[in-house]
Structures are given as C-alpha cells and as structure tokens.
$ cat start.cif   # mmCIF, C-alpha atoms and all ligand atoms
data_target
loop_
_atom_site.label_atom_id
_atom_site.label_comp_id
_atom_site.auth_asym_id
_atom_site.auth_seq_id
_atom_site.Cartn_x
_atom_site.Cartn_y
_atom_site.Cartn_z
CA MET A 1 20.40 26.17 -3.94
CA SER A 2 17.30 28.20 -3.01
CA LYS A 3 15.13 25.18 -3.77
CA ILE A 4 16.75 23.23 -0.93
CA THR A 5 15.12 23.30 2.48
CA GLN A 6 16.82 22.51 5.76
CA GLY A 7 14.84 22.09 8.95
CA LYS A 8 13.51 19.83 11.67
CA PHE A 9 10.42 17.89 10.69
CA LYS A 10 8.15 15.48 12.52
CA ILE A 11 8.43 11.74 12.04
CA LEU A 12 4.92 10.43 11.31
CA SER A 13 5.83 6.73 11.44
CA ASN A 14 8.87 4.46 11.44
CA LYS A 15 8.03 0.81 10.93
CA ARG A 16 9.95 -2.38 10.30
CA VAL A 17 8.96 -3.75 6.89
CA GLY A 18 11.44 -6.60 6.49
CA PRO A 19 14.60 -8.07 7.96
CA ASP A 20 16.67 -4.97 8.91
CA CYS A 21 14.46 -2.79 6.70
CA PHE A 22 12.34 0.14 7.82
CA LYS A 23 9.98 2.67 6.30
CA MET A 24 9.88 6.16 7.77
CA ALA A 25 7.33 8.86 6.91
CA ILE A 26 8.32 12.46 7.58
CA GLY A 27 5.85 15.37 7.50
CA ALA A 28 7.61 18.02 5.44
CA PRO A 29 5.29 19.94 3.05
CA ALA A 30 8.09 22.40 2.24
CA ILE A 31 10.20 19.56 0.89
CA VAL A 32 7.57 17.50 -0.93
CA ARG A 33 6.31 20.56 -2.83
CA LYS A 34 9.65 20.68 -4.67
CA ALA A 35 10.55 17.00 -4.74
CA ALA A 36 10.75 14.63 -7.70
CA PRO A 37 11.39 10.89 -8.00
CA GLY A 38 15.10 10.06 -7.94
CA GLN A 39 15.96 12.96 -5.65
CA PHE A 40 17.15 12.29 -2.12
CA VAL A 41 17.21 13.79 1.37
CA HIS A 42 20.21 14.13 3.64
CA LEU A 43 19.28 13.22 7.21
CA ARG A 44 20.95 13.92 10.53
CA CYS A 45 20.50 10.58 12.29
CA LEU A 46 20.93 12.08 15.77
CA ASN A 47 20.11 15.64 16.80
CA SER A 48 23.76 16.21 17.68
CA THR A 49 27.06 16.26 15.83
CA GLU A 50 27.68 12.54 16.26
CA PRO A 51 27.62 10.92 13.78
CA LEU A 52 28.91 14.11 12.21
CA LEU A 53 27.86 13.47 8.65
CA ARG A 54 24.31 13.34 7.39
CA ARG A 55 23.18 10.17 5.63
CA PRO A 56 21.53 10.21 2.17
CA PHE A 57 18.22 8.42 1.43
CA SER A 58 16.17 8.33 -1.75
CA LEU A 59 12.63 9.62 -1.73
CA HIS A 60 10.66 6.39 -1.70
CA ARG A 61 7.23 7.96 -1.89
CA ILE A 62 6.28 11.58 -2.36
CA ASN A 63 2.88 12.29 -0.83
CA ARG A 64 0.90 15.53 -0.52
CA ASN A 65 2.32 16.61 2.86
CA ASN A 66 4.93 14.01 3.66
CA PHE A 67 7.55 11.81 2.11
CA GLU A 68 8.70 8.29 2.91
CA ILE A 69 12.12 6.71 2.94
CA LEU A 70 12.78 2.98 2.81
CA TYR A 71 16.08 2.03 4.41
CA ARG A 72 18.19 -0.89 5.49
CA ALA A 73 19.92 -0.65 8.89
CA VAL A 74 23.55 -1.32 7.96
CA GLY A 75 25.63 0.81 10.33
CA ARG A 76 25.68 3.45 13.02
CA GLY A 77 23.51 6.07 11.32
CA THR A 78 20.82 3.79 9.99
CA ASN A 79 20.59 1.88 13.30
CA LEU A 80 20.02 5.22 15.05
CA LEU A 81 17.29 6.02 12.53
CA ALA A 82 15.63 2.66 13.20
CA LYS A 83 15.24 3.67 16.88
CA LYS A 84 13.33 6.87 16.09
CA ARG A 85 9.70 7.02 17.13
CA LYS A 86 6.57 8.64 15.80
CA GLY A 87 6.55 12.28 17.00
CA ASP A 88 10.35 12.64 17.15
CA LYS A 89 11.85 15.45 15.09
CA ILE A 90 14.52 14.90 12.50
CA ASP A 91 16.82 17.35 10.73
CA VAL A 92 16.32 17.08 6.97
CA LEU A 93 18.15 18.73 4.08
CA GLY A 94 16.45 18.35 0.74
CA PRO A 95 15.32 17.66 -1.83
CA LEU A 96 18.77 17.09 -3.32
CA GLY A 97 20.13 15.85 -6.63
CA ASN A 98 18.73 15.78 -10.13
CA GLY A 99 16.07 13.04 -10.02
CA PHE A 100 14.91 10.99 -13.00
CA GLN A 101 14.61 13.21 -16.06
CA LEU A 102 11.20 12.42 -17.51
CA SER A 103 10.52 13.96 -20.89
CA ALA A 104 7.29 13.57 -22.86
CA PHE A 105 9.28 10.92 -24.75
CA SER A 106 9.79 8.83 -21.60
CA TYR A 107 6.05 8.75 -21.04
CA GLN A 108 5.44 7.30 -24.50
CA LEU A 109 7.76 4.39 -23.87
CA SER A 110 7.29 1.32 -21.78
CA ALA A 111 9.59 0.94 -18.83
CA ILE A 112 11.42 -1.84 -17.08
CA LEU A 113 12.36 -0.96 -13.52
CA VAL A 114 15.20 -3.07 -12.14
CA ALA A 115 15.88 -3.09 -8.40
CA GLY A 116 18.73 -4.77 -6.59
CA GLY A 117 17.85 -5.18 -2.89
CA ILE A 118 17.19 -1.87 -1.13
CA GLY A 119 17.72 -0.21 -4.54
CA VAL A 120 13.96 -0.60 -4.87
CA ALA A 121 13.59 2.57 -2.72
CA PRO A 122 13.59 5.29 -5.42
CA LEU A 123 11.78 3.14 -8.01
CA LEU A 124 8.39 3.19 -6.29
CA ALA A 125 8.16 7.00 -6.49
CA LEU A 126 9.20 6.74 -10.14
CA ALA A 127 6.55 4.10 -10.91
CA GLU A 128 3.90 6.26 -9.25
CA LYS A 129 4.88 9.22 -11.40
CA LEU A 130 5.08 7.25 -14.65
CA ILE A 131 1.75 5.55 -14.08
CA LYS A 132 -0.12 8.67 -12.89
CA ALA A 133 1.18 10.77 -15.74
CA GLN A 134 0.63 8.31 -18.50
CA ARG A 135 -2.35 6.09 -17.64
CA LYS A 136 -1.62 3.43 -20.26
CA LYS A 137 2.05 3.07 -19.39
CA ASP A 138 3.23 -0.50 -19.36
CA ILE A 139 5.58 -1.02 -16.44
CA LEU A 140 7.44 -4.18 -15.60
CA VAL A 141 9.29 -4.28 -12.30
CA LEU A 142 12.09 -6.77 -11.70
CA LEU A 143 12.96 -7.17 -8.02
CA GLY A 144 16.27 -8.83 -7.22
CA VAL A 145 16.67 -10.24 -3.71
CA LYS A 146 18.86 -12.70 -1.83
CA ASN A 147 15.86 -14.78 -0.71
CA LYS A 148 12.06 -14.44 -0.56
CA LYS A 149 12.11 -12.92 2.95
CA GLN A 150 13.89 -9.86 1.54
CA ILE A 151 11.21 -8.96 -1.02
CA LEU A 152 10.08 -5.37 -0.57
CA CYS A 153 7.26 -3.34 -2.16
CA GLU A 154 5.86 -6.15 -4.35
CA ARG A 155 2.30 -5.29 -3.31
CA ASP A 156 2.88 -1.53 -3.70
CA PHE A 157 3.93 -1.93 -7.33
CA LYS A 158 1.06 -4.32 -8.08
CA ARG A 159 -1.43 -1.91 -6.54
CA LEU A 160 -0.23 0.72 -9.01
CA GLY A 161 -0.92 -1.65 -11.90
CA ALA A 162 2.70 -2.56 -12.62
CA ARG A 163 3.68 -6.17 -13.32
CA VAL A 164 6.28 -7.63 -10.98
CA GLN A 165 8.76 -10.45 -11.45
CA ILE A 166 11.15 -11.63 -8.74
CA ALA A 167 14.68 -12.97 -9.00
CA SER A 168 16.10 -14.57 -5.87
CA ASP A 169 19.72 -15.70 -5.49
CA ASP A 170 18.65 -18.91 -3.75
CA GLY A 171 15.58 -19.61 -5.90
CA THR A 172 13.08 -19.36 -3.02
CA ARG A 173 10.88 -17.11 -5.21
CA GLY A 174 10.70 -16.63 -8.95
CA TYR A 175 13.75 -16.78 -11.22
CA LYS A 176 16.77 -18.41 -9.55
CA GLY A 177 19.77 -16.15 -9.96
CA LEU A 178 20.66 -12.50 -10.31
CA VAL A 179 18.11 -9.93 -11.42
CA THR A 180 20.29 -9.17 -14.45
CA GLY A 181 19.79 -12.82 -15.51
CA LEU A 182 16.05 -12.27 -15.28
CA LEU A 183 16.37 -9.05 -17.29
CA ARG A 184 18.28 -10.89 -20.05
CA LYS A 185 15.58 -13.58 -20.06
CA VAL A 186 12.76 -11.02 -20.29
CA LEU A 187 14.48 -9.21 -23.15
CA ARG A 188 15.24 -12.46 -24.95
CA THR A 189 11.71 -13.83 -24.81
CA ASN A 190 10.18 -10.36 -25.05
CA GLU A 191 6.91 -11.89 -23.86
CA PRO A 192 6.08 -9.88 -20.78
CA THR A 193 6.86 -6.58 -22.42
CA ASN A 194 5.76 -7.26 -25.99
CA GLN A 195 7.74 -4.24 -27.17
CA ARG A 196 10.74 -3.71 -29.41
CA THR A 197 13.78 -3.01 -27.25
CA ASN A 198 14.20 0.50 -28.66
CA GLU A 199 10.74 1.29 -27.31
CA LEU A 200 11.76 0.40 -23.78
CA THR A 201 13.56 2.43 -21.14
CA ILE A 202 15.31 0.81 -18.22
CA TYR A 203 15.43 2.56 -14.85
CA ALA A 204 17.57 0.91 -12.21
CA CYS A 205 18.99 1.19 -8.72
CA GLY A 206 21.18 -1.31 -6.91
CA PRO A 207 24.75 -2.48 -6.47
CA LYS A 208 27.39 -1.25 -8.93
CA PRO A 209 28.07 -4.65 -10.58
CA MET A 210 24.35 -4.90 -11.36
CA LEU A 211 24.31 -1.41 -12.89
CA LYS A 212 27.46 -2.14 -14.90
CA GLU A 213 25.83 -5.23 -16.38
CA ILE A 214 22.64 -3.31 -17.20
CA ALA A 215 24.79 -0.68 -18.92
CA GLN A 216 26.34 -3.42 -21.10
CA ILE A 217 22.97 -5.04 -21.90
CA SER A 218 21.29 -1.74 -22.77
CA PHE A 219 24.23 -0.55 -24.85
CA ARG A 220 24.25 -3.78 -26.88
CA LEU A 221 20.50 -3.58 -27.53
CA GLY A 222 20.40 0.16 -28.14
CA MET A 223 18.09 0.80 -25.21
CA ALA A 224 17.94 3.87 -23.01
CA ALA A 225 18.99 3.12 -19.42
CA TYR A 226 19.15 5.39 -16.38
CA ALA A 227 20.21 4.55 -12.84
CA SER A 228 20.36 6.11 -9.42
CA LEU A 229 23.93 5.67 -8.17
CA GLU A 230 25.08 5.42 -4.58
CA GLU A 231 28.42 6.70 -3.36
CA ASN A 232 29.52 7.55 0.14
CA MET A 233 28.99 11.30 0.40
CA ALA A 234 29.56 14.07 2.90
CA CYS A 235 28.04 17.46 2.07
CA GLY A 236 25.29 16.31 -0.33
CA VAL A 237 25.23 19.64 -2.16
CA GLY A 238 28.21 19.43 -4.51
CA ALA A 239 30.76 21.31 -2.43
CA CYS A 240 33.12 18.66 -1.06
CA LEU A 241 33.59 16.48 -4.18
CA GLY A 242 33.66 13.40 -1.92
CA CYS A 243 31.25 11.49 -4.17
CA ALA A 244 32.88 12.17 -7.55
CA ILE A 245 32.68 9.43 -10.18
CA LYS A 246 34.34 9.09 -13.57
CA THR A 247 32.13 9.72 -16.58
CA ARG A 248 32.97 9.86 -20.31
CA GLU A 249 33.11 13.68 -20.11
CA SER A 250 34.75 14.36 -16.76
CA TYR A 251 34.40 13.63 -13.07
CA LYS A 252 30.84 14.23 -11.86
CA ARG A 253 29.35 14.56 -8.40
CA VAL A 254 26.78 11.91 -7.49
CA CYS A 255 25.09 14.30 -5.05
CA LYS A 256 24.69 17.26 -7.39
CA ASP A 257 25.07 16.08 -11.02
CA GLY A 258 23.30 12.81 -10.05
CA PRO A 259 22.37 10.61 -8.33
CA VAL A 260 20.60 9.66 -11.59
CA PHE A 261 22.86 9.15 -14.60
CA ASN A 262 22.43 7.89 -18.12
CA LEU A 263 24.29 4.58 -17.86
CA LYS A 264 26.04 5.26 -21.18
CA GLU A 265 27.83 8.16 -19.46
CA ILE A 266 29.59 6.18 -16.77
CA ARG A 267 33.17 4.88 -17.00
CA TRP A 268 33.06 1.65 -15.00
C1 LIG B 1 21.86 9.18 -3.22
C2 LIG B 1 21.78 8.03 -2.25
C3 LIG B 1 20.56 7.51 -1.93
C4 LIG B 1 20.48 6.44 -1.01
N1 LIG B 1 19.25 5.93 -0.74
C5 LIG B 1 19.13 4.92 0.14
C6 LIG B 1 17.86 4.41 0.46
O1 LIG B 1 16.83 4.85 -0.08
N2 LIG B 1 17.79 3.41 1.36
C7 LIG B 1 18.94 2.89 1.97
O2 LIG B 1 18.82 1.97 2.79
N3 LIG B 1 20.14 3.38 1.68
C8 LIG B 1 20.28 4.39 0.80
N4 LIG B 1 21.52 4.89 0.53
C9 LIG B 1 22.68 4.35 1.26
C10 LIG B 1 22.69 4.94 2.68
O3 LIG B 1 22.96 6.31 2.60
C11 LIG B 1 23.76 4.24 3.53
O4 LIG B 1 23.35 2.92 3.76
C12 LIG B 1 23.89 4.95 4.86
O5 LIG B 1 24.51 6.20 4.66
C13 LIG B 1 24.75 4.11 5.79
O6 LIG B 1 24.93 4.85 6.99
P1 LIG B 1 25.31 4.13 8.35
O7 LIG B 1 25.84 5.16 9.28
O8 LIG B 1 24.20 3.28 8.84
O9 LIG B 1 26.44 3.14 7.90
P2 LIG B 1 28.00 3.31 8.02
O10 LIG B 1 28.39 2.84 9.37
O11 LIG B 1 28.44 4.66 7.56
O12 LIG B 1 28.40 2.24 6.91
C14 LIG B 1 27.90 0.89 6.97
C15 LIG B 1 28.10 0.25 5.62
O13 LIG B 1 27.34 0.94 4.60
C16 LIG B 1 28.21 1.41 3.55
N5 LIG B 1 27.76 2.74 3.14
C17 LIG B 1 27.80 3.88 3.85
N6 LIG B 1 27.32 4.91 3.16
C18 LIG B 1 26.95 4.42 1.95
C19 LIG B 1 26.41 4.98 0.77
N7 LIG B 1 26.15 6.28 0.66
N8 LIG B 1 26.15 4.17 -0.26
C20 LIG B 1 26.43 2.86 -0.19
N9 LIG B 1 26.96 2.26 0.90
C21 LIG B 1 27.23 3.03 1.94
C22 LIG B 1 29.58 1.50 4.20
O14 LIG B 1 30.61 1.39 3.22
C23 LIG B 1 29.55 0.31 5.14
O15 LIG B 1 29.81 -0.90 4.47
C24 LIG B 1 21.65 5.92 -0.39
C25 LIG B 1 22.89 6.48 -0.71
C26 LIG B 1 22.97 7.51 -1.64
C27 LIG B 1 24.29 8.09 -1.98
#

$ encode --input "start.cif" --output "structure tokens"
Amino acid sequence: MSKITQGKFKILSNKRVGPDCFKMAIGAPAIVRKAAPGQFVHLRCLNSTEPLLRRPFSLHRINRNNFEILYRAVGRGTNLLAKKRKGDKIDVLGPLGNGFQLSAFSYQLSAILVAGGIGVAPLLALAEKLIKAQRKKDILVLLGVKNKKQILCERDFKRLGARVQIASDDGTRGYKGLVTGLLRKVLRTNEPTNQRTNELTIYACGPKPMLKEIAQISFRLGMAAYASLEENMACGVGACLGCAIKTRESYKRVCKDGPVFNLKEIRW
C-alpha cells in the first residue's frame, strides 16, 4: 500500500484524438517513478464527491515526469474528464494493480499485442517497455476497430518499430471482421511473425468476448497469453471486492490481483 500515491496533480494537456476519444497528460513524478505498464490510476473526475466513485484508467504512456491516459467518453465521469483543461488539477490515486509481469523470458520471445477498441490504451506503454528493454524484439500489433475513423495509436506503434495490422468490422481498413479473425489468420499463415507459436506471447486488452476467444486460441496452440481485464470497480485497492472475477483457483480482484491475468486462469 505504501507504494500508492494519492494527491492532486496538474493536467499538462487534454486533447481529442478521435471520435469521443481523448488523451490526457498528467504531471505526477511521484506516480511515474513507481509505475509499470498494465497498472492503472484511479481518478476523481470532479474535485467534489459527485460522481462519488473514482474512475479507473490504464497508464497509456509512462514518461519521465508525467503519464498519459487514453480514454473514451462513455458516461458521466469520462465526459467530465473530457472538459478538463491544461492547468487544472486532478485527484489521482496510483499506480494501482499488478501490471504486465515481464520476466527475462518474456523479453526473449516475440509478442503479438491485440487491442479491441480503446483496449489499445495499456498496450502502448507495454510496447515501449518491450522494445526499449530488448532492442531486437519483434512486435506485431493487431488493432481491432469498428471503422477506420476509430483507429488509435497506429503511428505511435510504428514509430517504436512495431508492425501494425488493422481489423475493421466494416472493412474500411485492413482485414474485414473481428480482430480475433485477424489473429487466427496471422497464426495460420505465420508469415508476419515467422515464429513457432510456442515462441510467441500474446498480450491483449479489449472486450470480454474478444479475450475469451484469445484464451481459447492460445490454449489450443499452447501459447502464453495475458490480458488486462476491465470490471466496474469502486475502491481500486482491493478492499470492497466489487470487481471480483472467477478464476480456476478462487475469486480474484481485478483491481488488486489484476488487472492483468494469465488468460488460462480465468473461468469465462
Ligand atoms: C483497470 C481498468 C482500466 C481501464 N482503462 C481504461 C482506459 O485506459 N481508457 C478508457 O477509456 N477506459 C478504461 N477503463 C474503463 C473506464 O474506467 C470506464 O469507461 C469509466 O469508468 C466509465 O466512467 P463514466 O462515468 O464515464 O461512465 P458510467 O456512466 O459509469 O458508465 C458508462 C458506461 O461505461 C460502462 N463502464 C463503467 N465503468 C466501466 C469499467 N470499469 N469497465 C468497463 N465498462 C465500464 C458502464 O457499464 C456503462 O455502460 C478501464 C477500466 C478498468 C477497470
């Protein structure tokens, strides 16, 4: 618990980056010093008790003195966030959760990062870490979107040296269909990765049906697969049990035991 900071920090920028999507940078050296990809922050969207509950957001980018979040305005809290301006202060609790567990072994393997919609948020920080730490790491990013207007972060991943493929539901860009269809295709042809499947690790974030399908694919092929899960949560620190999910062992808290889980662990 001592590694968690709570305080008011300055918003450095808050810009629209797509339809209903925004990127906010928050100057918080005390938080970034301890933060890792896959962890999240719990934000008070208004400096009052309404809405009462904080809202959780993945660390999208972890910089030297600030971090960024990438968020979609879907309800009361996120629409309040979208109205914040540079210079405003925001109450942050973080970093929270376990983050992606990266062993020396993970760095030796190639990775496929699979994002469903706004699920791309935590995967950029992960790609930055994998690429910085391992220089030769081969990273393929699959971005699943409804249509081409919703594509986020394509340039950011490419700038890092990762390869990017798009799946759009309506076929306006790339593969026509769900991103899991694209993943199956990539694994079947094995061209873009040129690796045996047991030398690949999948990291994913997105809607539950997408993660469930990735769990099935990875299990069948004997691949390692990890995902950042999203559940409605209240306290964010493991006390209220509001975000418990069923795993093979027991119930686990997304906020404290996760949000990143080995997909083999989850009971769907
Ligand atoms: C660990 C974690 C990391 C997250 N990271 C991001 C992120 O990087 N970017 C981002 O845009 N969103 C992220 N989310 C989801 C984000 O927290 C919700 O979109 C936000 O809390 C909605 O608040 P609201 O007041 O705007 O919406 P509300 O008015 O509370 O709800 C609007 C809609 O969003 C759904 N919703 C609310 N909370 C969640 C939730 N926690 N997960 C999924 N759906 C929810 C509701 O069921 C409802 O349909 C994350 C959630 C978790 C648990």

$ closest_atom_pairs --input "start.cif" --of "chain A" --to "ligand LIG 1 (chain B)" --cutoff "7 Å" --atoms "all atoms listed in the file" --output "JSON lines"
{"residue": "A:Phe40", "atom": "CA", "partner": "B:LIG1", "partner_atom": "C1", "distance": 5.8}
{"residue": "A:Arg55", "atom": "CA", "partner": "B:LIG1", "partner_atom": "O5", "distance": 4.3}
{"residue": "A:Pro56", "atom": "CA", "partner": "B:LIG1", "partner_atom": "O3", "distance": 4.2}
{"residue": "A:Phe57", "atom": "CA", "partner": "B:LIG1", "partner_atom": "N1", "distance": 3.5}
{"residue": "A:Ser58", "atom": "CA", "partner": "B:LIG1", "partner_atom": "O1", "distance": 3.9}
{"residue": "A:Leu59", "atom": "CA", "partner": "B:LIG1", "partner_atom": "O1", "distance": 6.6}
{"residue": "A:His60", "atom": "CA", "partner": "B:LIG1", "partner_atom": "O1", "distance": 6.6}
{"residue": "A:Ile69", "atom": "CA", "partner": "B:LIG1", "partner_atom": "O1", "distance": 5.9}
{"residue": "A:Leu70", "atom": "CA", "partner": "B:LIG1", "partner_atom": "N2", "distance": 5.2}
{"residue": "A:Tyr71", "atom": "CA", "partner": "B:LIG1", "partner_atom": "O2", "distance": 3.2}
{"residue": "A:Arg72", "atom": "CA", "partner": "B:LIG1", "partner_atom": "O2", "distance": 4.0}
{"residue": "A:Ala73", "atom": "CA", "partner": "B:LIG1", "partner_atom": "O8", "distance": 5.8}
{"residue": "A:Val74", "atom": "CA", "partner": "B:LIG1", "partner_atom": "O8", "distance": 4.7}
{"residue": "A:Gly75", "atom": "CA", "partner": "B:LIG1", "partner_atom": "O8", "distance": 3.2}
{"residue": "A:Arg76", "atom": "CA", "partner": "B:LIG1", "partner_atom": "O7", "distance": 4.1}
{"residue": "A:Gly77", "atom": "CA", "partner": "B:LIG1", "partner_atom": "O7", "distance": 3.2}
{"residue": "A:Thr78", "atom": "CA", "partner": "B:LIG1", "partner_atom": "O8", "distance": 3.6}
{"residue": "A:Asn79", "atom": "CA", "partner": "B:LIG1", "partner_atom": "O8", "distance": 5.9}
{"residue": "A:Ile118", "atom": "CA", "partner": "B:LIG1", "partner_atom": "O2", "distance": 5.7}
{"residue": "A:Gly119", "atom": "CA", "partner": "B:LIG1", "partner_atom": "O1", "distance": 6.8}
{"residue": "A:Ala121", "atom": "CA", "partner": "B:LIG1", "partner_atom": "O1", "distance": 4.8}
{"residue": "A:Pro122", "atom": "CA", "partner": "B:LIG1", "partner_atom": "O1", "distance": 6.3}
{"residue": "A:Leu229", "atom": "CA", "partner": "B:LIG1", "partner_atom": "C1", "distance": 6.4}
{"residue": "A:Glu230", "atom": "CA", "partner": "B:LIG1", "partner_atom": "C27", "distance": 3.8}
{"residue": "A:Glu231", "atom": "CA", "partner": "B:LIG1", "partner_atom": "C27", "distance": 4.6}
{"residue": "A:Asn232", "atom": "CA", "partner": "B:LIG1", "partner_atom": "N7", "distance": 3.6}
{"residue": "A:Met233", "atom": "CA", "partner": "B:LIG1", "partner_atom": "N7", "distance": 5.8}
{"residue": "A:Cys255", "atom": "CA", "partner": "B:LIG1", "partner_atom": "C1", "distance": 6.3}
{"residue": "A:Pro259", "atom": "CA", "partner": "B:LIG1", "partner_atom": "C1", "distance": 5.3}

$ closest_residue --input "start.cif" --among "A:Ile4, A:Leu80, A:Leu142, A:Ala30" --to "Arg64 (chain A)" --atoms "all atoms listed in the file"
A:Ala30

$ atom_distance --input "start.cif" --atom1 "CA of Leu81 (chain A)" --atom2 "CA of Glu68 (chain A)"
13.1 Å

$ atom_distance --input "start.cif" --atom1 "CA of Leu52 (chain A)" --atom2 "CA of Asn14 (chain A)"
22.3 Å

$ closest_residue --input "start.cif" --among "A:Leu221, A:Ser168, A:Cys243, A:Trp268" --to "Pro209 (chain A)" --atoms "all atoms listed in the file"
A:Trp268

$ atom_distance --input "start.cif" --atom1 "CA of Ile112 (chain A)" --atom2 "CA of Ala225 (chain A)"
9.3 Å

$ residues_near_point --input "start.cif" --point "(30.0, 9.9, -16.2)" --cutoff "9 Å" --atoms "all atoms listed in the file" --output "PyMOL selection string"
chain A and resi 245-252+261-268

$ residues_around --input "start.cif" --residues "Leu126 (chain A)" --least-positions-apart "4" --cutoff "10 Å" --atoms "only C-alpha atoms" --output "ChimeraX atom specification"
/A:36-38,59-62,99-100,102,113,121-122,130-132,203
